[in-house]
Amino acid sequence: MERMELGGIHHVTAVTGDPPGNVAFYTDTLGLRLVKKTVNQDQTSVYHLFYADGTGSPGTDMTFFDWGFAGAHRPGAGMVSTTAFRVAGREALEWWKARFEERGVPHRGIQARDGRAVLPFADPEGQSLELVDDTASGGEGAAPGVPWEESPVDAGRGIRGLEGVTLSVRSLDPTSAVLTEALGFRSSGEHEEEGHRAVTFEVGPGGPGAEVRLVERPDLPLGRRVGTGGVHHVAFRAPDEEEHAAWRERLAGMGFGVTPVIDRFYFRSIYFREPGGVLFEIATDGPGFAVDEDPEHLGESLSLPSFLEPQREEIEANLTPITPPEGSAR
Ligand code: ZN
């Protein structure tokens with residue numbers, strides 16, 4: 001393959017211990033669409049919930065494993081420490097701040113980073129999140145998502161996708177080297193994050209949707225056990241299966257312990273752990289969430305990949321049904 005380029009962030013997968021509360025927060029408070037309700041393919045007794053924009057576009061998607069047994073997450077190095085969503089404009093951030101105040105969502109004041117306004121907040125399990133104004137400063141970024149027509153949040157203020165992730169690492173160099181030398185990221189800025197050195201990297205289109213920030217945290221223990229309120233992995237976008245396969249070959253050739261290509265049904269995946277400790281995935285943009293459901297009715301019933309369909313009755317019997325939150329759009 002002549003020239004491969006990742007298209008930005010594909011999705012972030014995190015951990016919840018409270019699926020009904022998780023659905024209520026991400027759909028009713030944040031206004032995202034539950035585009036897929038399925039089970040963890042490797043552990044079919046637990047939900048895997050996917051939230052995204054109106055059509056389930058790659059780059060807009062935050063997903064959760066239902067891992068209550070894992071206990072509460074303890075922040076550490078070698079982990080995704082914050083996930084940022086993008087919204088359009090400073091006025092939108094002010095509106096969100098008022099919404100968080102009204103709903104008792106823990107948050108801080110709006111602050112500046114790399115020339116953009118940022119509103120840090122947390123979900124009910126302490127998941128560290130941000131809203132970032134993606135209209136400021138230079139790069140347009142990856143194409144934003146399509147607003148969900150039934151979202152309780154107006155399209156103009158709604159979340160348009162993932163803006164970026166922050167990784168906490170003991171030392172910047174090993175992870176920087178993987179980002180730049182293996183994955184084609186470019187360094188695009190330096191800042192301080194609460195007194196710690198931080199570097200921003202971007203890939204593909206750059207800017208919102210395509211950024212990874214590294215924060216140097218030698219003070220944190222290496223924390224590989226992800227619990228509720230933590231992030232399990234971050235995935236980057238490969239445009240098609242051909243390029244995806246080439247990424248696997250390239251990473252294996254560079255000596256990374258990369259998995260075989262796994263069919264996740266909605267996309268193809270490979271995984272490897274970068275030397276700083278963070279689990280990276282590369283996923284294909286397609287085929288997407290409409291592969292097994294009518295786009296009008298994504299996420300309304302339990303979806304199972306075809307190889308699990310014969311066990312549907314048993315799988316459903318083991319799951320606690322999730323009822324949509326009261327007053328939600330559906
Ligand atoms: Zn994933």
# chains A, B, ... in the order shown; residues from 1 in each chain; ligands from 1
>>> residues_around(residues="stretch 241-243 of chain A", least_positions_apart="5", cutoff="12 Å", atoms="only C-alpha atoms", output="VMD selection string")
chain A and resid 1 to 7 248 to 250 261 to 263 267 to 270 282 to 287
>>> residues_near_ligand(ligand="ligand 1", cutoff="8 Å", atoms="only C-alpha atoms and all ligand atoms", output="list in words")
His11, Val12, Thr13, Thr63, His233, Val234, Ala235, Ser269, Glu281 and Ala283 of chain A
>>> write_last_selection(atoms="all heavy atoms", output="CSV table (one decimal), in the first residue's frame")
chain,number,residue,atom,x,y,z
A,11,HIS,N,-13.8,5.3,17.6
A,11,HIS,CA,-14.7,5.2,18.8
A,11,HIS,C,-13.8,5.1,20.0
A,11,HIS,O,-12.6,4.9,19.9
A,11,HIS,CB,-15.6,4.1,18.7
A,11,HIS,CG,-15.0,2.7,18.7
A,11,HIS,ND1,-14.6,2.0,17.6
A,11,HIS,CD2,-14.7,1.9,19.7
A,11,HIS,CE1,-14.1,0.8,17.9
A,11,HIS,NE2,-14.1,0.7,19.2
A,12,VAL,N,-14.5,5.3,21.1
A,12,VAL,CA,-13.9,5.1,22.4
A,12,VAL,C,-14.7,4.1,23.2
A,12,VAL,O,-16.0,4.2,23.1
A,12,VAL,CB,-13.8,6.4,23.2
A,12,VAL,CG1,-13.4,6.2,24.7
A,12,VAL,CG2,-12.8,7.4,22.6
A,13,THR,N,-14.1,3.1,23.8
A,13,THR,CA,-14.9,2.1,24.5
A,13,THR,C,-14.6,2.2,26.0
A,13,THR,O,-13.4,2.2,26.4
A,13,THR,CB,-14.7,0.7,24.0
A,13,THR,OG1,-15.3,0.6,22.7
A,13,THR,CG2,-15.4,-0.4,24.9
A,63,THR,N,-18.8,3.8,23.3
A,63,THR,CA,-19.4,2.6,23.6
A,63,THR,C,-19.1,2.1,25.0
A,63,THR,O,-18.0,2.6,25.6
A,63,THR,CB,-19.0,1.5,22.6
A,63,THR,OG1,-17.9,0.7,23.1
A,63,THR,CG2,-18.6,2.0,21.2
A,233,HIS,N,-10.4,1.3,25.8
A,233,HIS,CA,-9.5,1.5,24.6
A,233,HIS,C,-10.0,2.6,23.7
A,233,HIS,O,-11.2,3.0,23.8
A,233,HIS,CB,-9.3,0.2,23.8
A,233,HIS,CG,-10.6,-0.3,23.2
A,233,HIS,ND1,-11.4,-1.3,23.7
A,233,HIS,CD2,-11.2,0.0,22.0
A,233,HIS,CE1,-12.5,-1.5,22.9
A,233,HIS,NE2,-12.3,-0.7,21.9
A,234,VAL,N,-9.1,3.0,22.9
A,234,VAL,CA,-9.5,4.0,21.8
A,234,VAL,C,-9.2,3.4,20.5
A,234,VAL,O,-8.2,2.7,20.3
A,234,VAL,CB,-8.7,5.4,22.0
A,234,VAL,CG1,-7.2,5.2,22.1
A,234,VAL,CG2,-9.1,6.4,20.9
A,235,ALA,N,-10.1,3.6,19.5
A,235,ALA,CA,-10.0,3.1,18.2
A,235,ALA,C,-9.8,4.2,17.2
A,235,ALA,O,-10.4,5.3,17.3
A,235,ALA,CB,-11.2,2.3,17.8
A,269,SER,N,-11.8,-5.1,13.2
A,269,SER,CA,-10.9,-4.5,14.2
A,269,SER,C,-9.6,-5.3,14.3
A,269,SER,O,-9.5,-6.5,14.1
A,269,SER,CB,-11.6,-4.6,15.6
A,269,SER,OG,-12.7,-3.8,15.6
A,281,GLU,N,-6.9,0.4,19.1
A,281,GLU,CA,-7.6,-0.4,18.1
A,281,GLU,C,-7.5,0.3,16.8
A,281,GLU,O,-7.5,1.6,16.8
A,281,GLU,CB,-9.0,-0.7,18.6
A,281,GLU,CG,-9.9,-1.3,17.5
A,281,GLU,CD,-11.4,-1.5,18.0
A,281,GLU,OE1,-11.7,-1.2,19.2
A,281,GLU,OE2,-12.2,-1.8,17.2
A,283,ALA,N,-10.0,0.3,13.4
A,283,ALA,CA,-11.3,-0.2,13.0
A,283,ALA,C,-11.7,0.4,11.6
A,283,ALA,O,-11.3,1.5,11.3
A,283,ALA,CB,-12.4,0.1,14.0
>>> select_by_dssp(residues="stretch 256-324 of chain A", states="helix (DSSP H, G or I)", output="list in words")
Phe289, Ala290, Val291, Pro295, Glu296, His297, Ser306, Phe307, Leu308, Glu309, Pro310, Gln311, Arg312, Glu313, Glu314, Ile315, Glu316 and Ala317 of chain A
>>> write_last_selection(atoms="all heavy atoms", output="short mmCIF file (atom, residue, chain, number, x, y, z; two decimals), in the first residue's frame")
data_model
loop_
_atom_site.label_atom_id
_atom_site.label_comp_id
_atom_site.auth_asym_id
_atom_site.auth_seq_id
_atom_site.Cartn_x
_atom_site.Cartn_y
_atom_site.Cartn_z
N PHE A 289 -23.52 0.55 11.51
CA PHE A 289 -24.56 0.04 12.40
C PHE A 289 -25.87 -0.31 11.69
O PHE A 289 -26.74 -0.94 12.28
CB PHE A 289 -24.84 1.06 13.51
CG PHE A 289 -23.64 1.26 14.38
CD1 PHE A 289 -22.92 2.45 14.36
CD2 PHE A 289 -23.21 0.24 15.22
CE1 PHE A 289 -21.80 2.62 15.16
CE2 PHE A 289 -22.09 0.41 16.03
CZ PHE A 289 -21.39 1.61 15.99
N ALA A 290 -26.01 0.10 10.43
CA ALA A 290 -27.25 -0.21 9.72
C ALA A 290 -27.13 -1.56 9.01
O ALA A 290 -28.03 -1.95 8.27
CB ALA A 290 -27.58 0.90 8.73
N VAL A 291 -26.04 -2.29 9.27
CA VAL A 291 -25.83 -3.56 8.59
C VAL A 291 -26.88 -4.59 9.01
O VAL A 291 -27.25 -5.47 8.25
CB VAL A 291 -24.39 -4.08 8.81
CG1 VAL A 291 -24.16 -4.57 10.22
CG2 VAL A 291 -24.00 -5.13 7.81
N PRO A 295 -32.17 1.77 9.62
CA PRO A 295 -31.58 3.00 10.16
C PRO A 295 -32.55 3.83 11.01
O PRO A 295 -32.14 4.57 11.89
CB PRO A 295 -31.16 3.78 8.91
CG PRO A 295 -31.09 2.79 7.82
CD PRO A 295 -32.01 1.66 8.17
N GLU A 296 -33.86 3.67 10.76
CA GLU A 296 -34.87 4.40 11.54
C GLU A 296 -34.99 3.84 12.96
O GLU A 296 -35.51 4.51 13.84
CB GLU A 296 -36.26 4.26 10.88
CG GLU A 296 -36.37 4.90 9.51
CD GLU A 296 -36.36 6.42 9.60
OE1 GLU A 296 -37.07 6.95 10.47
OE2 GLU A 296 -35.63 7.05 8.82
N HIS A 297 -34.59 2.62 13.15
CA HIS A 297 -34.86 1.96 14.44
C HIS A 297 -33.60 1.39 15.08
O HIS A 297 -33.66 0.37 15.77
CB HIS A 297 -35.91 0.87 14.25
CG HIS A 297 -37.24 1.41 13.83
ND1 HIS A 297 -38.09 2.05 14.71
CD2 HIS A 297 -37.84 1.46 12.61
CE1 HIS A 297 -39.17 2.45 14.05
NE2 HIS A 297 -39.03 2.11 12.78
N SER A 306 -24.60 -12.63 13.67
CA SER A 306 -25.25 -13.86 13.21
C SER A 306 -24.75 -15.11 13.94
O SER A 306 -25.53 -16.01 14.22
CB SER A 306 -25.10 -14.00 11.70
OG SER A 306 -23.76 -13.78 11.35
N PHE A 307 -23.47 -15.11 14.34
CA PHE A 307 -22.97 -16.32 14.99
C PHE A 307 -23.54 -16.50 16.41
O PHE A 307 -23.47 -17.58 16.97
CB PHE A 307 -21.43 -16.38 14.98
CG PHE A 307 -20.74 -15.42 15.91
CD1 PHE A 307 -20.38 -15.81 17.21
CD2 PHE A 307 -20.42 -14.13 15.51
CE1 PHE A 307 -19.74 -14.94 18.07
CE2 PHE A 307 -19.78 -13.25 16.36
CZ PHE A 307 -19.44 -13.65 17.64
N LEU A 308 -24.12 -15.43 16.96
CA LEU A 308 -24.73 -15.55 18.30
C LEU A 308 -26.25 -15.70 18.24
O LEU A 308 -26.89 -15.98 19.24
CB LEU A 308 -24.37 -14.33 19.16
CG LEU A 308 -22.93 -14.22 19.61
CD1 LEU A 308 -22.70 -12.90 20.36
CD2 LEU A 308 -22.53 -15.40 20.52
N GLU A 309 -26.81 -15.50 17.05
CA GLU A 309 -28.27 -15.54 16.89
C GLU A 309 -28.88 -16.85 17.41
O GLU A 309 -29.91 -16.81 18.10
CB GLU A 309 -28.60 -15.28 15.41
CG GLU A 309 -29.91 -14.63 15.08
CD GLU A 309 -30.39 -13.49 15.96
OE1 GLU A 309 -29.95 -12.33 15.81
OE2 GLU A 309 -31.26 -13.77 16.81
N PRO A 310 -28.28 -18.01 17.16
CA PRO A 310 -28.86 -19.25 17.69
C PRO A 310 -28.99 -19.27 19.22
O PRO A 310 -29.79 -20.03 19.76
CB PRO A 310 -27.89 -20.35 17.22
CG PRO A 310 -27.14 -19.75 16.08
CD PRO A 310 -27.09 -18.28 16.34
N GLN A 311 -28.19 -18.46 19.91
CA GLN A 311 -28.26 -18.45 21.38
C GLN A 311 -29.11 -17.29 21.92
O GLN A 311 -29.04 -16.97 23.10
CB GLN A 311 -26.85 -18.31 21.96
CG GLN A 311 -25.87 -19.38 21.55
CD GLN A 311 -24.45 -18.96 21.87
OE1 GLN A 311 -24.15 -18.53 22.98
NE2 GLN A 311 -23.56 -19.04 20.88
N ARG A 312 -29.90 -16.64 21.05
CA ARG A 312 -30.60 -15.43 21.46
C ARG A 312 -31.42 -15.60 22.74
O ARG A 312 -31.35 -14.79 23.66
CB ARG A 312 -31.48 -14.90 20.32
CG ARG A 312 -32.34 -13.71 20.73
CD ARG A 312 -33.15 -13.15 19.58
NE ARG A 312 -32.35 -12.35 18.67
CZ ARG A 312 -32.10 -11.03 18.81
NH1 ARG A 312 -32.59 -10.39 19.84
NH2 ARG A 312 -31.37 -10.40 17.92
N GLU A 313 -32.20 -16.68 22.79
CA GLU A 313 -33.11 -16.85 23.92
C GLU A 313 -32.33 -16.88 25.24
O GLU A 313 -32.69 -16.20 26.21
CB GLU A 313 -33.88 -18.15 23.75
CG GLU A 313 -35.28 -18.09 24.31
CD GLU A 313 -36.05 -19.35 23.95
OE1 GLU A 313 -36.10 -19.71 22.75
OE2 GLU A 313 -36.58 -19.98 24.86
N GLU A 314 -31.26 -17.65 25.25
CA GLU A 314 -30.43 -17.79 26.44
C GLU A 314 -29.75 -16.46 26.80
O GLU A 314 -29.72 -16.04 27.96
CB GLU A 314 -29.38 -18.85 26.12
CG GLU A 314 -28.63 -19.40 27.27
CD GLU A 314 -27.49 -20.29 26.77
OE1 GLU A 314 -27.64 -20.92 25.70
OE2 GLU A 314 -26.44 -20.29 27.43
N ILE A 315 -29.24 -15.76 25.79
CA ILE A 315 -28.55 -14.48 26.02
C ILE A 315 -29.53 -13.45 26.60
O ILE A 315 -29.25 -12.80 27.59
CB ILE A 315 -27.90 -13.97 24.71
CG1 ILE A 315 -26.70 -14.86 24.35
CG2 ILE A 315 -27.46 -12.50 24.86
CD1 ILE A 315 -26.11 -14.59 22.98
N GLU A 316 -30.72 -13.36 25.99
CA GLU A 316 -31.70 -12.38 26.46
C GLU A 316 -32.15 -12.68 27.88
O GLU A 316 -32.37 -11.76 28.68
CB GLU A 316 -32.91 -12.32 25.51
CG GLU A 316 -32.57 -11.56 24.24
CD GLU A 316 -33.78 -11.27 23.38
OE1 GLU A 316 -34.79 -11.99 23.48
OE2 GLU A 316 -33.70 -10.32 22.58
N ALA A 317 -32.26 -13.96 28.23
CA ALA A 317 -32.70 -14.34 29.57
C ALA A 317 -31.70 -13.89 30.63
O ALA A 317 -32.06 -13.67 31.79
CB ALA A 317 -32.91 -15.84 29.63
#
>>> select_by_dssp(residues="stretch 34-127 of chain A", states="strand (DSSP E or B)", output="ChimeraX atom specification")
/A:34-40,43-52,61-66,72,77,79-87,107,111-113,116-122
>>> closest_atom_pairs(of="stretch 39-139 of chain A", to="stretch 218-230 of chain A", cutoff="7 Å", atoms="only C-alpha atoms", output="CSV")
residue,atom,partner,partner_atom,distance
A:Trp67,CA,A:Thr228,CA,6.8
A:Gly68,CA,A:Thr228,CA,6.5
A:Ala70,CA,A:Gly227,CA,4.9
A:Gly71,CA,A:Gly227,CA,5.3
A:Ala72,CA,A:Thr228,CA,4.8
A:His73,CA,A:Gly227,CA,3.8
A:Pro75,CA,A:Gly223,CA,6.8
A:Gly76,CA,A:Gly223,CA,4.3
A:Ala77,CA,A:Leu222,CA,4.7
A:Gly78,CA,A:Leu222,CA,6.0
A:Glu125,CA,A:Gly229,CA,5.0
A:Gly126,CA,A:Gly229,CA,5.2
A:Gln127,CA,A:Gly229,CA,4.2
>>> residues_around(residues="stretch 26-37 of chain A", least_positions_apart="5", cutoff="8 Å", atoms="only C-alpha atoms", output="number ranges by chain")
A: 47-56, 148, 151-153, 158-159, 289, 298-303, 325, 327-329
>>> write_last_selection(atoms="N, CA, C and O atoms", output="mmCIF file, in the first residue's frame")
data_model
loop_
_atom_site.group_PDB
_atom_site.id
_atom_site.type_symbol
_atom_site.label_atom_id
_atom_site.label_comp_id
_atom_site.auth_asym_id
_atom_site.auth_seq_id
_atom_site.Cartn_x
_atom_site.Cartn_y
_atom_site.Cartn_z
ATOM 1 N N TYR A 47 -23.946 -6.442 28.418
ATOM 2 C CA TYR A 47 -24.285 -5.533 27.331
ATOM 3 C C TYR A 47 -23.035 -4.882 26.740
ATOM 4 O O TYR A 47 -22.036 -4.662 27.428
ATOM 5 N N HIS A 48 -23.146 -4.532 25.480
ATOM 6 C CA HIS A 48 -22.228 -3.590 24.843
ATOM 7 C C HIS A 48 -23.129 -2.525 24.209
ATOM 8 O O HIS A 48 -23.903 -2.829 23.299
ATOM 9 N N LEU A 49 -23.052 -1.307 24.750
ATOM 10 C CA LEU A 49 -23.931 -0.220 24.316
ATOM 11 C C LEU A 49 -23.136 0.776 23.479
ATOM 12 O O LEU A 49 -22.013 1.138 23.841
ATOM 13 N N PHE A 50 -23.713 1.220 22.368
ATOM 14 C CA PHE A 50 -23.046 2.149 21.450
ATOM 15 C C PHE A 50 -23.879 3.421 21.318
ATOM 16 O O PHE A 50 -25.049 3.352 20.934
ATOM 17 N N TYR A 51 -23.274 4.556 21.616
ATOM 18 C CA TYR A 51 -23.932 5.857 21.428
ATOM 19 C C TYR A 51 -23.217 6.598 20.311
ATOM 20 O O TYR A 51 -21.985 6.569 20.239
ATOM 21 N N ALA A 52 -23.994 7.306 19.486
ATOM 22 C CA ALA A 52 -23.366 8.015 18.367
ATOM 23 C C ALA A 52 -24.285 9.135 17.899
ATOM 24 O O ALA A 52 -25.214 9.535 18.610
ATOM 25 N N ASP A 53 -24.001 9.643 16.703
ATOM 26 C CA ASP A 53 -24.838 10.675 16.096
ATOM 27 C C ASP A 53 -26.095 10.022 15.506
ATOM 28 O O ASP A 53 -26.357 8.838 15.751
ATOM 29 N N GLY A 54 -26.828 10.752 14.699
ATOM 30 C CA GLY A 54 -28.093 10.257 14.165
ATOM 31 C C GLY A 54 -27.978 9.035 13.281
ATOM 32 O O GLY A 54 -28.908 8.233 13.201
ATOM 33 N N THR A 55 -26.850 8.893 12.607
ATOM 34 C CA THR A 55 -26.717 7.775 11.671
ATOM 35 C C THR A 55 -25.656 6.769 12.094
ATOM 36 O O THR A 55 -25.399 5.811 11.392
ATOM 37 N N GLY A 56 -25.022 7.004 13.236
ATOM 38 C CA GLY A 56 -23.977 6.076 13.682
ATOM 39 C C GLY A 56 -22.684 6.231 12.898
ATOM 40 O O GLY A 56 -21.973 5.252 12.647
ATOM 41 N N TRP A 148 -28.963 13.832 15.485
ATOM 42 C CA TRP A 148 -30.096 12.916 15.592
ATOM 43 C C TRP A 148 -31.362 13.755 15.716
ATOM 44 O O TRP A 148 -31.484 14.576 16.623
ATOM 45 N N SER A 151 -33.151 13.863 19.072
ATOM 46 C CA SER A 151 -32.359 14.190 20.256
ATOM 47 C C SER A 151 -33.078 15.240 21.099
ATOM 48 O O SER A 151 -33.671 16.178 20.567
ATOM 49 N N PRO A 152 -33.011 15.105 22.437
ATOM 50 C CA PRO A 152 -33.574 16.149 23.289
ATOM 51 C C PRO A 152 -32.762 17.454 23.238
ATOM 52 O O PRO A 152 -33.203 18.467 23.770
ATOM 53 N N VAL A 153 -31.588 17.413 22.603
ATOM 54 C CA VAL A 153 -30.746 18.614 22.479
ATOM 55 C C VAL A 153 -30.881 19.157 21.054
ATOM 56 O O VAL A 153 -30.809 18.397 20.090
ATOM 57 N N GLY A 158 -25.948 20.385 19.703
ATOM 58 C CA GLY A 158 -25.722 18.964 19.969
ATOM 59 C C GLY A 158 -24.282 18.536 19.772
ATOM 60 O O GLY A 158 -23.493 19.182 19.083
ATOM 61 N N ILE A 159 -23.956 17.427 20.397
ATOM 62 C CA ILE A 159 -22.629 16.825 20.236
ATOM 63 C C ILE A 159 -22.491 16.321 18.803
ATOM 64 O O ILE A 159 -23.365 15.619 18.297
ATOM 65 N N PHE A 289 -23.523 0.554 11.505
ATOM 66 C CA PHE A 289 -24.564 0.043 12.401
ATOM 67 C C PHE A 289 -25.871 -0.309 11.693
ATOM 68 O O PHE A 289 -26.744 -0.936 12.277
ATOM 69 N N LEU A 298 -32.474 2.052 14.857
ATOM 70 C CA LEU A 298 -31.216 1.560 15.427
ATOM 71 C C LEU A 298 -31.327 1.481 16.955
ATOM 72 O O LEU A 298 -31.859 2.376 17.595
ATOM 73 N N GLY A 299 -30.792 0.414 17.517
ATOM 74 C CA GLY A 299 -30.624 0.330 18.969
ATOM 75 C C GLY A 299 -31.879 0.080 19.777
ATOM 76 O O GLY A 299 -31.819 0.036 21.000
ATOM 77 N N GLU A 300 -33.024 -0.091 19.091
ATOM 78 C CA GLU A 300 -34.260 -0.244 19.866
ATOM 79 C C GLU A 300 -34.435 -1.650 20.421
ATOM 80 O O GLU A 300 -35.078 -1.852 21.438
ATOM 81 N N SER A 301 -33.873 -2.645 19.729
ATOM 82 C CA SER A 301 -33.941 -4.002 20.284
ATOM 83 C C SER A 301 -32.526 -4.586 20.323
ATOM 84 O O SER A 301 -31.590 -4.003 19.801
ATOM 85 N N LEU A 302 -32.411 -5.728 20.981
ATOM 86 C CA LEU A 302 -31.076 -6.325 21.140
ATOM 87 C C LEU A 302 -30.597 -6.882 19.800
ATOM 88 O O LEU A 302 -31.244 -7.730 19.203
ATOM 89 N N SER A 303 -29.429 -6.406 19.348
ATOM 90 C CA SER A 303 -28.829 -6.921 18.117
ATOM 91 C C SER A 303 -27.797 -7.976 18.477
ATOM 92 O O SER A 303 -27.040 -7.797 19.428
ATOM 93 N N PRO A 325 -35.163 6.049 29.418
ATOM 94 C CA PRO A 325 -35.419 6.947 30.530
ATOM 95 C C PRO A 325 -36.720 7.697 30.328
ATOM 96 O O PRO A 325 -37.133 7.966 29.198
ATOM 97 N N GLY A 327 -39.246 10.561 29.878
ATOM 98 C CA GLY A 327 -39.100 11.879 29.277
ATOM 99 C C GLY A 327 -38.072 11.903 28.146
ATOM 100 O O GLY A 327 -37.756 12.947 27.616
ATOM 101 N N SER A 328 -37.523 10.741 27.791
ATOM 102 C CA SER A 328 -36.576 10.722 26.679
ATOM 103 C C SER A 328 -37.368 10.822 25.387
ATOM 104 O O SER A 328 -38.587 10.691 25.381
ATOM 105 N N ALA A 329 -36.676 11.047 24.316
ATOM 106 C CA ALA A 329 -37.340 11.317 23.046
ATOM 107 C C ALA A 329 -38.073 10.085 22.516
ATOM 108 O O ALA A 329 -38.982 10.203 21.728
#
>>> residues_around(residues="A:Asn22", least_positions_apart="2", cutoff="9 Å", atoms="only C-alpha atoms", output="PyMOL selection string")
chain A and resi 16-20+24-27+49+64+123-125
>>> atom_distance(atom1="atom CA of A:Ser187", atom2="atom CA of A:Phe201")
4.3 Å
>>> closest_residue(among="A:Leu167, A:Val215, A:Leu183, A:Met254", to="A:Met79", atoms="only C-alpha atoms")
A:Leu167
>>> residues_around(residues="stretch 202-205 of chain A", least_positions_apart="3", cutoff="6 Å", atoms="only C-alpha atoms", output="list in words")
Glu5, Leu6, Gly7, Gly8, Gly141, Ala142, Phe185, Arg186, Ala210 and Glu211 of chain A
>>> atom_distance(atom1="atom CA of A:Thr180", atom2="atom CA of A:Pro239")
19.0 Å
>>> closest_residue(among="A:Leu279, A:Val231, A:Ile9, A:Leu251", to="A:Asp61", atoms="only C-alpha atoms")
A:Ile9
>>> closest_residue(among="A:Leu93, A:Val87, A:Arg217, A:Glu181", to="A:Gly195", atoms="only C-alpha atoms")
A:Arg217
>>> residues_around(residues="A:His191", least_positions_apart="6", cutoff="10 Å", atoms="only C-alpha atoms", output="short mmCIF file (atom, residue, chain, number, x, y, z; two decimals) with N, CA and C atoms, in the first residue's frame")
data_model
loop_
_atom_site.label_atom_id
_atom_site.label_comp_id
_atom_site.auth_asym_id
_atom_site.auth_seq_id
_atom_site.Cartn_x
_atom_site.Cartn_y
_atom_site.Cartn_z
N ARG A 113 -7.66 25.61 25.87
CA ARG A 113 -6.56 24.68 25.62
C ARG A 113 -6.27 24.66 24.13
N ASP A 114 -5.02 24.80 23.77
CA ASP A 114 -4.63 24.79 22.35
C ASP A 114 -5.54 25.71 21.51
N ARG A 197 3.46 18.26 31.67
CA ARG A 197 3.76 18.48 30.26
C ARG A 197 2.79 17.69 29.39
N ALA A 198 2.29 18.33 28.36
CA ALA A 198 1.34 17.65 27.47
C ALA A 198 1.65 18.01 26.02
N VAL A 199 1.53 17.03 25.13
CA VAL A 199 1.77 17.25 23.71
C VAL A 199 0.52 16.79 22.95
N THR A 200 0.14 17.58 21.95
CA THR A 200 -1.01 17.21 21.11
C THR A 200 -0.49 16.64 19.79
N ARG A 213 -4.04 13.71 22.74
CA ARG A 213 -3.17 14.48 23.63
C ARG A 213 -2.50 13.53 24.61
N LEU A 214 -1.21 13.68 24.76
CA LEU A 214 -0.47 12.89 25.74
C LEU A 214 -0.10 13.78 26.91
N VAL A 215 -0.38 13.32 28.11
CA VAL A 215 0.02 14.04 29.31
C VAL A 215 1.03 13.19 30.06
#
>>> closest_residue(among="A:Pro120, A:Gly164, A:Gly156, A:Pro305", to="A:Met62", atoms="only C-alpha atoms")
A:Gly164
